[in-house]
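> Contents of final.pdb (PDB, C-alpha atoms):
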ATOM      1  CA  MET W 424      50.238  -8.948  13.122
ATOM      2  CA  THR W 425      47.233  -7.232  11.550
ATOM      3  CA  VAL W 426      44.131  -9.226  10.690
ATOM      4  CA  GLN W 427      42.382  -8.428   7.411
ATOM      5  CA  PHE W 428      38.947  -9.523   6.335
ATOM      6  CA  TYR W 429      38.459 -11.461   3.116
ATOM      7  CA  ARG W 430      35.539 -12.643   1.016
ATOM      8  CA  ALA W 431      35.719 -15.768  -1.151
ATOM      9  CA  TYR W 432      33.079 -15.824  -3.883
ATOM     10  CA  ASN W 433      31.667 -19.092  -5.191
ATOM     11  CA  MET W 434      31.560 -18.628  -8.979
ATOM     12  CA  ASN W 435      29.368 -20.693 -11.312
ATOM     13  CA  PRO W 436      30.554 -21.869 -14.759
ATOM     14  CA  THR W 437      29.236 -18.687 -16.396
ATOM     15  CA  GLY W 438      31.319 -16.480 -14.076
ATOM     16  CA  ASN W 439      28.552 -15.218 -11.810
ATOM     17  CA  ALA W 440      28.830 -15.223  -8.016
ATOM     18  CA  VAL W 441      26.362 -17.657  -6.451
ATOM     19  CA  GLY W 442      27.500 -17.392  -2.834
ATOM     20  CA  PHE W 443      30.354 -16.256  -0.627
ATOM     21  CA  LYS W 444      32.170 -16.767   2.670
ATOM     22  CA  ASP W 445      33.624 -13.945   4.788
ATOM     23  CA  PHE W 446      36.591 -14.691   7.048
ATOM     24  CA  PRO W 447      39.612 -13.083   8.726
ATOM     25  CA  ALA W 448      43.227 -13.946   7.881
ATOM     26  CA  HIS W 449      46.689 -12.615   8.745
ATOM     27  CA  SER W 450      47.960 -12.514   5.147
ATOM     28  CA  ASP W 451      46.898 -13.016   1.542
ATOM     29  CA  HIS W 452      48.715 -16.350   1.576
ATOM     30  CA  ASP W 453      46.751 -17.550   4.623
ATOM     31  CA  ALA W 454      43.539 -16.279   3.020
ATOM     32  CA  CYS W 455      44.274 -18.243  -0.163
ATOM     33  CA  LEU W 456      44.794 -21.407   1.873
ATOM     34  CA  GLN W 457      41.531 -20.855   3.752
ATOM     35  CA  ALA W 458      39.690 -20.126   0.500
ATOM     36  CA  LEU W 459      40.957 -23.457  -0.880
ATOM     37  CA  THR W 460      39.231 -25.275   1.967
ATOM     38  CA  TYR W 461      35.949 -23.531   1.105
ATOM     39  CA  LYS W 462      36.335 -24.312  -2.598
ATOM     40  CA  GLU W 463      37.175 -27.971  -2.050
ATOM     41  CA  GLY W 464      34.732 -28.540   0.809
ATOM     42  CA  GLY W 465      31.833 -26.937  -1.028
ATOM     43  CA  ASN W 466      32.661 -28.375  -4.453
ATOM     44  CA  TRP W 467      32.818 -24.887  -5.956
ATOM     45  CA  HIS W 468      33.366 -24.659  -9.697
ATOM     46  CA  ALA W 469      35.625 -21.605  -9.363
ATOM     47  CA  MET W 470      36.234 -18.772  -6.940
ATOM     48  CA  GLU W 471      37.400 -15.211  -6.544
ATOM     49  CA  LEU W 472      39.061 -13.893  -3.398
ATOM     50  CA  TRP W 473      38.776 -10.248  -2.355
ATOM     51  CA  THR W 474      39.844  -8.041   0.525
ATOM     52  CA  GLY W 475      38.042  -4.710   0.534
ATOM     53  CA  THR W 476      38.066  -3.491  -3.075
ATOM     54  CA  ASP W 477      41.195  -5.482  -4.029
ATOM     55  CA  GLN W 478      41.080  -8.892  -5.691
ATOM     56  CA  VAL W 479      43.675 -11.262  -4.235
ATOM     57  CA  GLU W 480      45.778 -13.266  -6.685
ATOM     58  CA  CYS W 481      46.333 -16.803  -5.417
ATOM     59  CA  SER W 482      48.489 -18.112  -8.251
ATOM     60  CA  GLU W 483      51.500 -18.552  -5.945
ATOM     61  CA  LEU W 484      49.662 -21.491  -4.370
ATOM     62  CA  VAL W 485      49.301 -23.428  -7.629
ATOM     63  CA  ASP W 486      51.101 -26.745  -7.345
ATOM     64  CA  PRO W 487      51.952 -28.146 -10.792
ATOM     65  CA  GLY W 488      52.321 -31.667  -9.410
ATOM     66  CA  PRO W 489      49.780 -34.383 -10.230
ATOM     67  CA  HIS W 490      48.237 -34.202  -6.763
ATOM     68  CA  GLY W 491      48.442 -30.430  -6.396
ATOM     69  CA  ARG W 492      45.566 -28.137  -5.566
ATOM     70  CA  LYS W 493      44.721 -25.166  -7.718
ATOM     71  CA  ILE W 494      42.300 -22.286  -7.350
ATOM     72  CA  GLU W 495      40.453 -21.935 -10.630
ATOM     73  CA  LEU W 496      39.750 -18.293 -11.414
ATOM     74  CA  PRO W 497      37.283 -17.473 -14.159
ATOM     75  CA  ALA W 498      38.641 -15.881 -17.329
ATOM     76  CA  LYS W 499      38.397 -12.111 -17.446
TER      77      LYS W 499
END
Go ahead and express the file in the form of structure tokens.

Amino acid sequence: MTVQFYRAYNMNPTGNAVGFKDFPAHSDHDACLQALTYKEGGNWHAMELWTGTDQVECSELVDPGPHGRKIELPAK
């Protein structure tokens, strides 16, 4: 299995990046899960996840339940 490198950007309420974390992951799904831990652990307002020049969509991880976790992406 190939490892890719990802960057999760910490986004402030105005949509500007104020920090980031680089990390390896085996898939976009795994990267989204890892990015969630950064967002929740660092109390990030919102985040963007990228691999190379491609933004990774993490909407498949949105849990509509009352105790679900969601990655908040800023409006484009």
> Of the candidates W:Tyr461, W:His452, W:Phe446, W:Val426, which one gets nearest to Ser482 (chain W) if we count only C-alpha atoms?
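Of W:Tyr461, W:His452, W:Phe446, W:Val426, the one nearest Ser482 (chain W), counting only C-alpha atoms, is W:His452.
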> Check the smallest atom-to-atom distance from each of W:Ala448, W:Gly442, W:Tyr432, W:Thr460 to Gln478 (chain W) using only C-alpha atoms, then report the winner.
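Selected residue with least distance to Gln478 (chain W): W:Tyr432.
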> At a cut-off of 9 Å, using all atoms listed in the file, what residues contact Ala431 (chain W)? Leave out same-chain residues fewer than 6 positions from it and give the result as an MDAnalysis selection string.
chainID W and resid 442:446 454:455 458 461:462 470:474
> Could you name the residues that touch Met434 (chain W) at 7 Å or less, counting only C-alpha atoms, but leaving out those on the same chain fewer than 6 positions away, as a PyMOL selection string?
chain W and resi 440-441+468-470
> Go ahead and compute the interatomic distance for CA of Phe428 (chain W) and CA of Gly475 (chain W), in Å to one decimal.
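Result for CA of Phe428 (chain W) versus CA of Gly475 (chain W): 7.6 Å, one decimal.
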> Which value, in Å to one decimal, gives the distance between CA of Asp453 (chain W) and CA of Gln427 (chain W)?
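Atom-to-atom, CA of Asp453 (chain W) to CA of Gln427 (chain W), that is 10.5 Å.
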> Could you work out an axis-aligned box for region 439-455 of chain W, taking every atom the file lists and adding 5 Å on each side, and report centre and edge lengths in Å to one decimal, as JSON?

{"center_x": 37.5, "center_y": -15.4, "center_z": -1.5, "size_x": 32.4, "size_y": 15.7, "size_z": 30.6}
> Just give me the gap between CA of Asn439 (chain W) and CA of Gly465 (chain W) in Å, one decimal is fine.
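If I compute the distance from CA of Asn439 (chain W) to CA of Gly465 (chain W), I get 16.3 Å.
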> Would you save region 426-451 of chain W from the block above with C-alpha atoms, as a compact mmCIF listing (two decimals), in the first residue's frame?

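Result file is selection.txt:
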# COMPACT_ATOMS: atom_id res chain seq x y z
CA VAL W 426 1.78 6.13 1.60
CA GLN W 427 0.83 9.67 0.60
CA PHE W 428 1.66 12.85 2.43
CA TYR W 429 -1.09 15.21 3.54
CA ARG W 430 -1.32 18.69 5.02
CA ALA W 431 -4.21 19.76 7.26
CA TYR W 432 -4.59 23.54 7.46
CA ASN W 433 -6.00 25.21 10.56
CA MET W 434 -8.40 27.85 9.21
CA ASN W 435 -9.58 30.87 11.21
CA PRO W 436 -13.17 32.20 11.02
CA THR W 437 -12.25 34.51 8.12
CA GLY W 438 -10.96 31.59 6.03
CA ASN W 439 -7.24 32.23 6.35
CA ALA W 440 -4.75 29.49 7.23
CA VAL W 441 -3.18 30.09 10.64
CA GLY W 442 -1.21 26.86 10.96
CA PHE W 443 -0.88 23.36 9.56
CA LYS W 444 0.15 19.77 10.29
CA ASP W 445 1.92 17.50 7.78
CA PHE W 446 1.46 13.74 8.08
CA PRO W 447 1.50 10.50 6.07
CA ALA W 448 -1.56 8.31 5.48
CA HIS W 449 -2.46 5.27 3.37
CA SER W 450 -5.69 6.73 1.95
CA ASP W 451 -7.79 9.89 1.83
